[in-house]
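Please read the structure below before turning to the comments.
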2 protein chains.
Amino acid sequence: MSLNKNIAVAGATGAVGIEILNCLDQRDVPASQIKLLASARSAGKELDYRGEKLVVEELTTDSFDGVDIALFSAGGSISKAFAQSAVDAGAVVVDNSSAFRMDENVPLVVPEVNPEAVADHQGIIANPNCTTIITLMGLNPMQKAFGGVKQIIASSYQAVSGSGAAGLTELEGQVKASVHGEEAPEKQVYLHPIAFNVIPHVDVFLENGYTKEEMKMHHEGAKILGISDLRASVTCVRVPVYRSHSIAVTAVFNDKPTVAAARAAIGAAPGVYLADEPFADTPVYPTPLDSTNQDDCIVGRIREDIVLDNALTFWVVGDQVRKGAALNAVQIAELL
Amino acid sequence: MSLNKNIAVAGATGAVGIEILNCLDQRDVPASQIKLLASARSAGKELDYRGEKLVVEELTTDSFDGVDIALFSAGGSISKAFAQSAVDAGAVVVDNSSAFRMDENVPLVVPEVNPEAVADHQGIIANPNCTTIITLMGLNPMQKAFGGVKQIIASSYQAVSGSGAAGLTELEGQVKASVHGEEAPEKQVYLHPIAFNVIPHVDVFLENGYTKEEMKMHHEGAKILGISDLRASVTCVRVPVYRSHSIAVTAVFNDKPTVAAARAAIGAAPGVYLADEPFADTPVYPTPLDSTNQDDCIVGRIREDIVLDNALTFWVVGDQVRKGAALNAVQIAELL
């Protein structure tokens with residue numbers, strides 16, 4: 001950003017909102033004012049920012065006077081209710097919810113993948129789904145190297161942070177109860193225990209038997225990459241990990257890929273790095289703990305797929321709260 | 001079994017050995033004698049069996065006099081060292097290790113899938129890899145309904161019990177340390193923390209970048225199903241779950257599959273049942289906790305794949321210690 005901007009964070013007290021504040025700080029985003037907005041229930045809370053205490057204000061339709069950029073991360077219904085007020089007040093909205101992602105007038109942006117799309121905004125820019133962002137951070141350098149991607153088959157290992165602070169609390173509560181031999185607290189977030197379990201159910205079920213979360217890679221991936229006939233079949237699974245998502249990806253490219261060229265492409269790409277030495281004395285590959293609290297996504301386990309032609313199978317991990325949400329939104333703000 | 005047999009369990013004090021003893025008991029296998037064998041270190045230990053205390057004896061080449069069936073679950077090197085002694089003494093060996101699985105003179109058997117193969121044994125019958133067994137329990141009824149399976153793309157969510165008792169101890173120790181705010185015990189089994197993490201590394205890496213575990217579905221699946229050109233691309237991942245494996249499977253069949261016919265096939269098959277109601281008020285699908293300590297595997301999330309032709313994507317869970325190892329071995333013994 002060349003000039004200092006007034007930035008509002010709507011949903012400031014949520015897990016992603018707090019991380020947005022961290023990202024604004026750590027990246028030295030030159031904001032002249034930071035306005036924290038949340039529900040009436042959270043109004044009056046104080047959050048630390050560069051040594052100051054910022055007071056959270058109630059989010060209303062009048063919250064956006066003088067705001068240049070409004071970062072929304074309070075869920076789809078809040079975005080639908082208040083984003084237009086922000087636009088009407090002259091702000092550009094960067095929305096972290098799924099409310100506007102597939103709107104043809106709304107750019108859907110991963111800054112390392114399609115930064116040019118930001119220019120087409122009409123007041124709102126959407127931040128993609130976290131699993132889609134992290135998958136594309138690994139996939140995009142490869143698909144550019146191999147003439148584009150046609151098909152994706154993927155399974156996710158998604159952290160509980162994807163369900164917000166309540167997801168973290170639920171896992172922690174169940175684990176503590178298990179260790180202390182106590183009954184687990186009543187479930188609030190997931191239909192099944194998440195401690196010592198995995199749950200193949202993220203977001204609601206759609207008519208075709210996939211969940212809404214699973215279809216996001218299909219729809220959002222096509223839009224972000226600009227490949228309208230991209231097809232993606234995903235199984236999204238919640239796992240007892242706190243913050244980082246992992247995705248096992250099989251991708252079919254237009255050209256014949258090689259492992260060496262894929263590694264070189266990842267090595268040269270911004271925002272992602274390679275951890276892929278299966279034949280080292282101690283084999284190297286990324287786990288979700290490795291990317292926790294990191295900006296960068298990490299790729300490993302790249303191999304020529306032995307079933308599909310022109311395909312690679314690989315593994316990518318990324319911090320869901322950071323690159324999967326807050327960081328990506330702040331990077332979009334930086335592009336403005 | 002029509003007549004009472006003398007049964008030996010080699011590796012009796014391991015996680016699978018103890019479960020074999022449970023299965024022999026619970027299934028009322030009519031054994032006239034049960035002989036427990038283990039390393040010198042474990043000799044003298046006592047294990048409960050139908051109200052009796054059985055004393056563990058040291059496994060030697062002379063252990064098998066009078067034994068009819070020897071169930072081995074002490075790892076590949078023990079099987080290689082002692083299985084022939086058992087055969088020479090007149091026993092039939094049911095081996096749970098990978099030592100003989102791909103030997104063309106050794107049947108590789110999932111009793112619900114290819115029981116007829118048992119008849120061809122020359123003294124040794126192999127129990128397949130746990131992830132392969134559980135996947136095939138879901139896949140076989142479908143592939144029979146749809147003219148055979150050609151291709152599998154799968155990702156696993158494998159419990160720590162797959163690493164034996166040490167895997168259970170490692171997860172438990174790390175979780176306890178985390179709750180108590182203590183440093184975790186030194187890692188013995190996995191290269192990375194398994195608590196609150198997932199690890200895309202099961203067994204050793206092979207030249208093609210897949211692990212040995214991942215290639216088992218490819219090789220063993222083809223042998224068990226009798227489909228020599230079956231191809232399987234698998235990513236095997238260890239997750240912080242104690243006992244049950246889960247697998248997300250995309251399978252390409254020769255004929256066009258339907259969800260309804262797949263559900264009917266699972267519903268009619270032995271050893272596996274359906275939990276697949278995505279549109280119920282409370283959606284129904286299986287999690288690994290649901291199959292823990294259960295004989296049956298459970299299938300859900302069946303849907304027409306939106307990427308590959310003639311394909312379904314589904315989710316299957318099964319108790320790794322039980323159907324993935326001990327139960328399957330005891331079922332093979334019952335076929336004898």
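Residues are named by chain letter and number: chains run A, B, ... in the order of the structure tokens, numbers start at 1 in each chain, and ligands are numbered from 1 in the order shown.
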
Contacts from chain A to chain B, 6 Å maximum, only C-alpha atoms: show me the residue list as an mmCIF file with all heavy atoms, in the first residue's frame.
```
data_model
loop_
_atom_site.group_PDB
_atom_site.id
_atom_site.type_symbol
_atom_site.label_atom_id
_atom_site.label_comp_id
_atom_site.auth_asym_id
_atom_site.auth_seq_id
_atom_site.Cartn_x
_atom_site.Cartn_y
_atom_site.Cartn_z
ATOM 1 N N PHE A 196 -9.214 -38.281 19.138
ATOM 2 C CA PHE A 196 -8.942 -39.688 18.821
ATOM 3 C C PHE A 196 -9.927 -40.232 17.790
ATOM 4 O O PHE A 196 -10.319 -41.401 17.826
ATOM 5 C CB PHE A 196 -8.942 -40.540 20.095
ATOM 6 C CG PHE A 196 -8.132 -39.922 21.192
ATOM 7 C CD1 PHE A 196 -8.718 -39.443 22.365
ATOM 8 C CD2 PHE A 196 -6.758 -39.759 21.039
ATOM 9 C CE1 PHE A 196 -7.955 -38.834 23.355
ATOM 10 C CE2 PHE A 196 -5.988 -39.157 22.027
ATOM 11 C CZ PHE A 196 -6.593 -38.695 23.194
ATOM 12 N N ASN A 197 -10.353 -39.363 16.872
ATOM 13 C CA ASN A 197 -11.321 -39.758 15.854
ATOM 14 C C ASN A 197 -11.069 -38.887 14.623
ATOM 15 O O ASN A 197 -10.341 -37.886 14.697
ATOM 16 C CB ASN A 197 -12.747 -39.528 16.391
ATOM 17 C CG ASN A 197 -13.807 -40.361 15.693
ATOM 18 O OD1 ASN A 197 -13.494 -41.339 14.988
ATOM 19 N ND2 ASN A 197 -15.055 -39.992 15.878
ATOM 20 N N ILE A 199 -13.562 -37.276 11.223
ATOM 21 C CA ILE A 199 -14.970 -37.111 10.877
ATOM 22 C C ILE A 199 -15.090 -36.673 9.408
ATOM 23 O O ILE A 199 -14.674 -35.564 9.065
ATOM 24 C CB ILE A 199 -15.642 -36.057 11.793
ATOM 25 C CG1 ILE A 199 -15.411 -36.405 13.276
ATOM 26 C CG2 ILE A 199 -17.131 -35.952 11.486
ATOM 27 C CD1 ILE A 199 -15.952 -35.353 14.243
ATOM 28 N N GLY A 209 -24.276 -35.739 -2.965
ATOM 29 C CA GLY A 209 -23.606 -36.578 -1.966
ATOM 30 C C GLY A 209 -22.289 -36.010 -1.479
ATOM 31 O O GLY A 209 -21.743 -36.470 -0.473
ATOM 32 N N ARG A 231 -12.233 -30.162 -13.014
ATOM 33 C CA ARG A 231 -13.105 -31.017 -12.200
ATOM 34 C C ARG A 231 -12.326 -31.468 -10.967
ATOM 35 O O ARG A 231 -11.160 -31.855 -11.067
ATOM 36 C CB ARG A 231 -13.574 -32.233 -12.996
ATOM 37 C CG ARG A 231 -14.355 -31.841 -14.264
ATOM 38 C CD ARG A 231 -15.087 -33.001 -14.880
ATOM 39 N NE ARG A 231 -16.255 -33.361 -14.102
ATOM 40 C CZ ARG A 231 -17.400 -32.677 -14.103
ATOM 41 N NH1 ARG A 231 -17.540 -31.599 -14.838
ATOM 42 N NH2 ARG A 231 -18.419 -33.074 -13.364
ATOM 43 N N SER A 233 -12.780 -33.830 -7.320
ATOM 44 C CA SER A 233 -13.523 -34.724 -6.432
ATOM 45 C C SER A 233 -12.777 -34.794 -5.107
ATOM 46 O O SER A 233 -11.654 -35.286 -5.048
ATOM 47 C CB SER A 233 -13.609 -36.121 -7.055
ATOM 48 O OG SER A 233 -14.143 -37.046 -6.125
ATOM 49 N N PRO A 240 -8.136 -34.480 14.433
ATOM 50 C CA PRO A 240 -7.792 -33.830 15.708
ATOM 51 C C PRO A 240 -6.424 -33.144 15.665
ATOM 52 O O PRO A 240 -5.481 -33.539 16.337
ATOM 53 C CB PRO A 240 -7.834 -34.979 16.720
ATOM 54 C CG PRO A 240 -7.617 -36.219 15.911
ATOM 55 C CD PRO A 240 -8.136 -35.944 14.534
ATOM 56 N N VAL A 241 -6.351 -32.114 14.828
ATOM 57 C CA VAL A 241 -5.171 -31.258 14.676
ATOM 58 C C VAL A 241 -5.676 -29.850 14.947
ATOM 59 O O VAL A 241 -6.808 -29.527 14.577
ATOM 60 C CB VAL A 241 -4.603 -31.385 13.242
ATOM 61 C CG1 VAL A 241 -3.573 -30.311 12.953
ATOM 62 C CG2 VAL A 241 -4.024 -32.773 13.000
ATOM 63 N N THR A 287 4.523 -32.176 7.863
ATOM 64 C CA THR A 287 3.325 -32.520 8.637
ATOM 65 C C THR A 287 2.639 -31.200 9.008
ATOM 66 O O THR A 287 3.260 -30.128 8.967
ATOM 67 C CB THR A 287 3.663 -33.283 9.932
ATOM 68 O OG1 THR A 287 4.220 -32.375 10.882
ATOM 69 C CG2 THR A 287 4.632 -34.432 9.674
ATOM 70 N N ARG A 303 5.066 -37.540 -6.305
ATOM 71 C CA ARG A 303 5.420 -38.742 -7.056
ATOM 72 C C ARG A 303 4.553 -38.854 -8.298
ATOM 73 O O ARG A 303 3.455 -38.300 -8.344
ATOM 74 C CB ARG A 303 5.266 -39.991 -6.171
ATOM 75 C CG ARG A 303 3.910 -40.141 -5.517
ATOM 76 C CD ARG A 303 4.086 -40.768 -4.126
ATOM 77 N NE ARG A 303 2.841 -41.280 -3.552
ATOM 78 C CZ ARG A 303 2.036 -40.565 -2.740
ATOM 79 N NH1 ARG A 303 2.327 -39.320 -2.436
ATOM 80 N NH2 ARG A 303 0.952 -41.107 -2.245
ATOM 81 N N ILE A 306 0.628 -43.638 -10.192
ATOM 82 C CA ILE A 306 0.726 -44.928 -10.886
ATOM 83 C C ILE A 306 -0.621 -45.396 -11.436
ATOM 84 O O ILE A 306 -0.707 -46.487 -11.994
ATOM 85 C CB ILE A 306 1.334 -46.027 -9.974
ATOM 86 C CG1 ILE A 306 0.521 -46.186 -8.686
ATOM 87 C CG2 ILE A 306 2.797 -45.730 -9.673
ATOM 88 C CD1 ILE A 306 0.957 -47.373 -7.851
ATOM 89 N N VAL A 307 -1.647 -44.577 -11.300
ATOM 90 C CA VAL A 307 -2.949 -44.962 -11.861
ATOM 91 C C VAL A 307 -3.322 -44.086 -13.063
ATOM 92 O O VAL A 307 -3.650 -44.592 -14.132
ATOM 93 C CB VAL A 307 -4.059 -44.879 -10.789
ATOM 94 C CG1 VAL A 307 -5.437 -44.992 -11.429
ATOM 95 C CG2 VAL A 307 -3.872 -45.985 -9.755
#
```

- request: Using DSSP on the backbone coordinates, identify the residues of range 74-236 of chain A assigned to alpha helix (DSSP H); present them as an MDAnalysis selection string.
  value: chainID A and resid 76:88 130:145 165:179 212:225

- request: Find the residues near Ala329 in chain B: any atom within 8 Å, counting only C-alpha atoms, skip ones fewer than 6 places away on the same chain, and give them as a count of residues only.
  value: 6

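For range 4-7 of chain A, the set of protein, DNA and RNA residues having any atom at most 8 Å away, when counting only C-alpha atoms and skipping those fewer than 6 positions along the same chain, is A:Pro30, A:Ala31, A:Ser32, A:Gln33, A:Ile34, A:Lys35, A:Gly66, A:Val67, A:Asp68, A:Ile69, A:Ala70, A:Leu71.
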
Write the residues of the selection above to a file with N, CA and C atoms, as a PDB file, in the first residue's frame.
```pdb
ATOM      1  N   PRO A  30       0.863  -0.500   6.477  1.00  0.00           N
ATOM      2  CA  PRO A  30       0.838   0.909   6.901  1.00  0.00           C
ATOM      3  C   PRO A  30      -0.582   1.457   7.032  1.00  0.00           C
ATOM      4  N   ALA A  31      -1.242   1.022   8.081  1.00  0.00           N
ATOM      5  CA  ALA A  31      -2.606   1.507   8.330  1.00  0.00           C
ATOM      6  C   ALA A  31      -2.553   2.745   9.205  1.00  0.00           C
ATOM      7  N   SER A  32      -3.347   3.754   8.826  1.00  0.00           N
ATOM      8  CA  SER A  32      -3.383   4.942   9.686  1.00  0.00           C
ATOM      9  C   SER A  32      -4.351   4.718  10.839  1.00  0.00           C
ATOM     10  N   GLN A  33      -5.363   3.880  10.615  1.00  0.00           N
ATOM     11  CA  GLN A  33      -6.279   3.561  11.703  1.00  0.00           C
ATOM     12  C   GLN A  33      -6.784   2.139  11.542  1.00  0.00           C
ATOM     13  N   ILE A  34      -6.902   1.422  12.648  1.00  0.00           N
ATOM     14  CA  ILE A  34      -7.482   0.080  12.636  1.00  0.00           C
ATOM     15  C   ILE A  34      -8.752   0.146  13.476  1.00  0.00           C
ATOM     16  N   LYS A  35      -9.854  -0.236  12.874  1.00  0.00           N
ATOM     17  CA  LYS A  35     -11.130  -0.202  13.571  1.00  0.00           C
ATOM     18  C   LYS A  35     -11.578  -1.648  13.769  1.00  0.00           C
ATOM     19  N   GLY A  66     -15.416   6.555   6.468  1.00  0.00           N
ATOM     20  CA  GLY A  66     -13.983   6.823   6.424  1.00  0.00           C
ATOM     21  C   GLY A  66     -13.120   5.591   6.322  1.00  0.00           C
ATOM     22  N   VAL A  67     -13.731   4.414   6.255  1.00  0.00           N
ATOM     23  CA  VAL A  67     -12.949   3.177   6.145  1.00  0.00           C
ATOM     24  C   VAL A  67     -12.567   2.944   4.683  1.00  0.00           C
ATOM     25  N   ASP A  68     -11.287   2.622   4.437  1.00  0.00           N
ATOM     26  CA  ASP A  68     -10.838   2.343   3.069  1.00  0.00           C
ATOM     27  C   ASP A  68     -10.964   0.859   2.725  1.00  0.00           C
ATOM     28  N   ILE A  69     -10.586   0.022   3.675  1.00  0.00           N
ATOM     29  CA  ILE A  69     -10.603  -1.423   3.433  1.00  0.00           C
ATOM     30  C   ILE A  69     -11.266  -2.103   4.625  1.00  0.00           C
ATOM     31  N   ALA A  70     -12.275  -2.925   4.345  1.00  0.00           N
ATOM     32  CA  ALA A  70     -12.968  -3.644   5.419  1.00  0.00           C
ATOM     33  C   ALA A  70     -12.720  -5.142   5.241  1.00  0.00           C
ATOM     34  N   LEU A  71     -12.052  -5.725   6.226  1.00  0.00           N
ATOM     35  CA  LEU A  71     -11.764  -7.163   6.189  1.00  0.00           C
ATOM     36  C   LEU A  71     -12.840  -7.879   6.991  1.00  0.00           C
TER      37      LEU A  71
END
```

query: Out of range 162-281 of chain A, which residues get strand (DSSP E or B) from DSSP, as JSON, numbers by chain?
result: {"A": [199, 205, 211, 231, 232, 233, 234, 235, 238, 244, 245, 246, 247, 248, 249, 250, 251, 252, 253, 272, 273, 274, 277]}

Using only C-alpha atoms, please write the residues we just selected to a file, as an mmCIF file, in the first residue's frame.
```cif
data_model
loop_
_atom_site.group_PDB
_atom_site.id
_atom_site.type_symbol
_atom_site.label_atom_id
_atom_site.label_comp_id
_atom_site.auth_asym_id
_atom_site.auth_seq_id
_atom_site.Cartn_x
_atom_site.Cartn_y
_atom_site.Cartn_z
ATOM 1 C CA ILE A 199 -14.970 -37.111 10.877
ATOM 2 C CA PHE A 205 -24.402 -32.287 2.403
ATOM 3 C CA THR A 211 -20.494 -31.685 1.036
ATOM 4 C CA ARG A 231 -13.105 -31.017 -12.200
ATOM 5 C CA ALA A 232 -12.322 -31.816 -8.570
ATOM 6 C CA SER A 233 -13.523 -34.724 -6.432
ATOM 7 C CA VAL A 234 -12.695 -34.146 -2.787
ATOM 8 C CA THR A 235 -13.340 -35.929 0.500
ATOM 9 C CA ARG A 238 -11.920 -33.189 10.099
ATOM 10 C CA SER A 244 -3.015 -26.656 9.965
ATOM 11 C CA HIS A 245 -4.791 -28.406 7.123
ATOM 12 C CA SER A 246 -3.177 -31.156 5.058
ATOM 13 C CA ILE A 247 -4.366 -32.340 1.655
ATOM 14 C CA ALA A 248 -3.412 -35.483 -0.289
ATOM 15 C CA VAL A 249 -3.805 -34.466 -3.930
ATOM 16 C CA THR A 250 -3.796 -36.399 -7.188
ATOM 17 C CA ALA A 251 -3.786 -33.956 -10.105
ATOM 18 C CA VAL A 252 -4.024 -34.681 -13.840
ATOM 19 C CA PHE A 253 -2.244 -32.141 -16.034
ATOM 20 C CA VAL A 272 5.265 -22.229 -0.609
ATOM 21 C CA TYR A 273 8.329 -24.365 -0.111
ATOM 22 C CA LEU A 274 9.464 -27.900 -0.686
ATOM 23 C CA GLU A 277 13.404 -35.958 0.465
#
```

- line: Pairwise distance, CA of Val160 in chain B with CA of Asn293 in chain B, equals 14.6 Å

field: Near-Asp28 in chain B list (12 Å; only C-alpha atoms; drop same-chain fewer than 2 positions) as a list of chain:residue names
entry: B:Met1, B:Asn4, B:Leu21, B:Asn22, B:Cys23, B:Leu24, B:Asp25, B:Gln26, B:Pro30, B:Ala31, B:Ser32, B:Tyr49, B:Arg50, B:Val330, B:Gln331, B:Glu334

Surrounding residues of Glu19 in chain B excluding itself and chain neighbours under 3 positions, 8 Å, only C-alpha atoms, as a list in words: Ala15, Val16, Asn22, Cys23, Val321, Arg322, Ala326 and Leu327 of chain B

Could those selected residues go to a file with C-alpha atoms, as an mmCIF file, in the first residue's frame?
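Okay, out-v2.cif is ready:
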```cif
data_model
loop_
_atom_site.group_PDB
_atom_site.id
_atom_site.type_symbol
_atom_site.label_atom_id
_atom_site.label_comp_id
_atom_site.auth_asym_id
_atom_site.auth_seq_id
_atom_site.Cartn_x
_atom_site.Cartn_y
_atom_site.Cartn_z
ATOM 1 C CA ALA B 15 -1.421 -56.117 20.412
ATOM 2 C CA VAL B 16 -2.572 -58.410 17.595
ATOM 3 C CA ASN B 22 -9.918 -62.576 22.257
ATOM 4 C CA CYS B 23 -11.252 -63.595 18.851
ATOM 5 C CA VAL B 321 -6.450 -54.776 15.238
ATOM 6 C CA ARG B 322 -9.557 -56.881 14.751
ATOM 7 C CA ALA B 326 -6.538 -60.748 14.367
ATOM 8 C CA LEU B 327 -10.113 -61.473 13.299
#
```
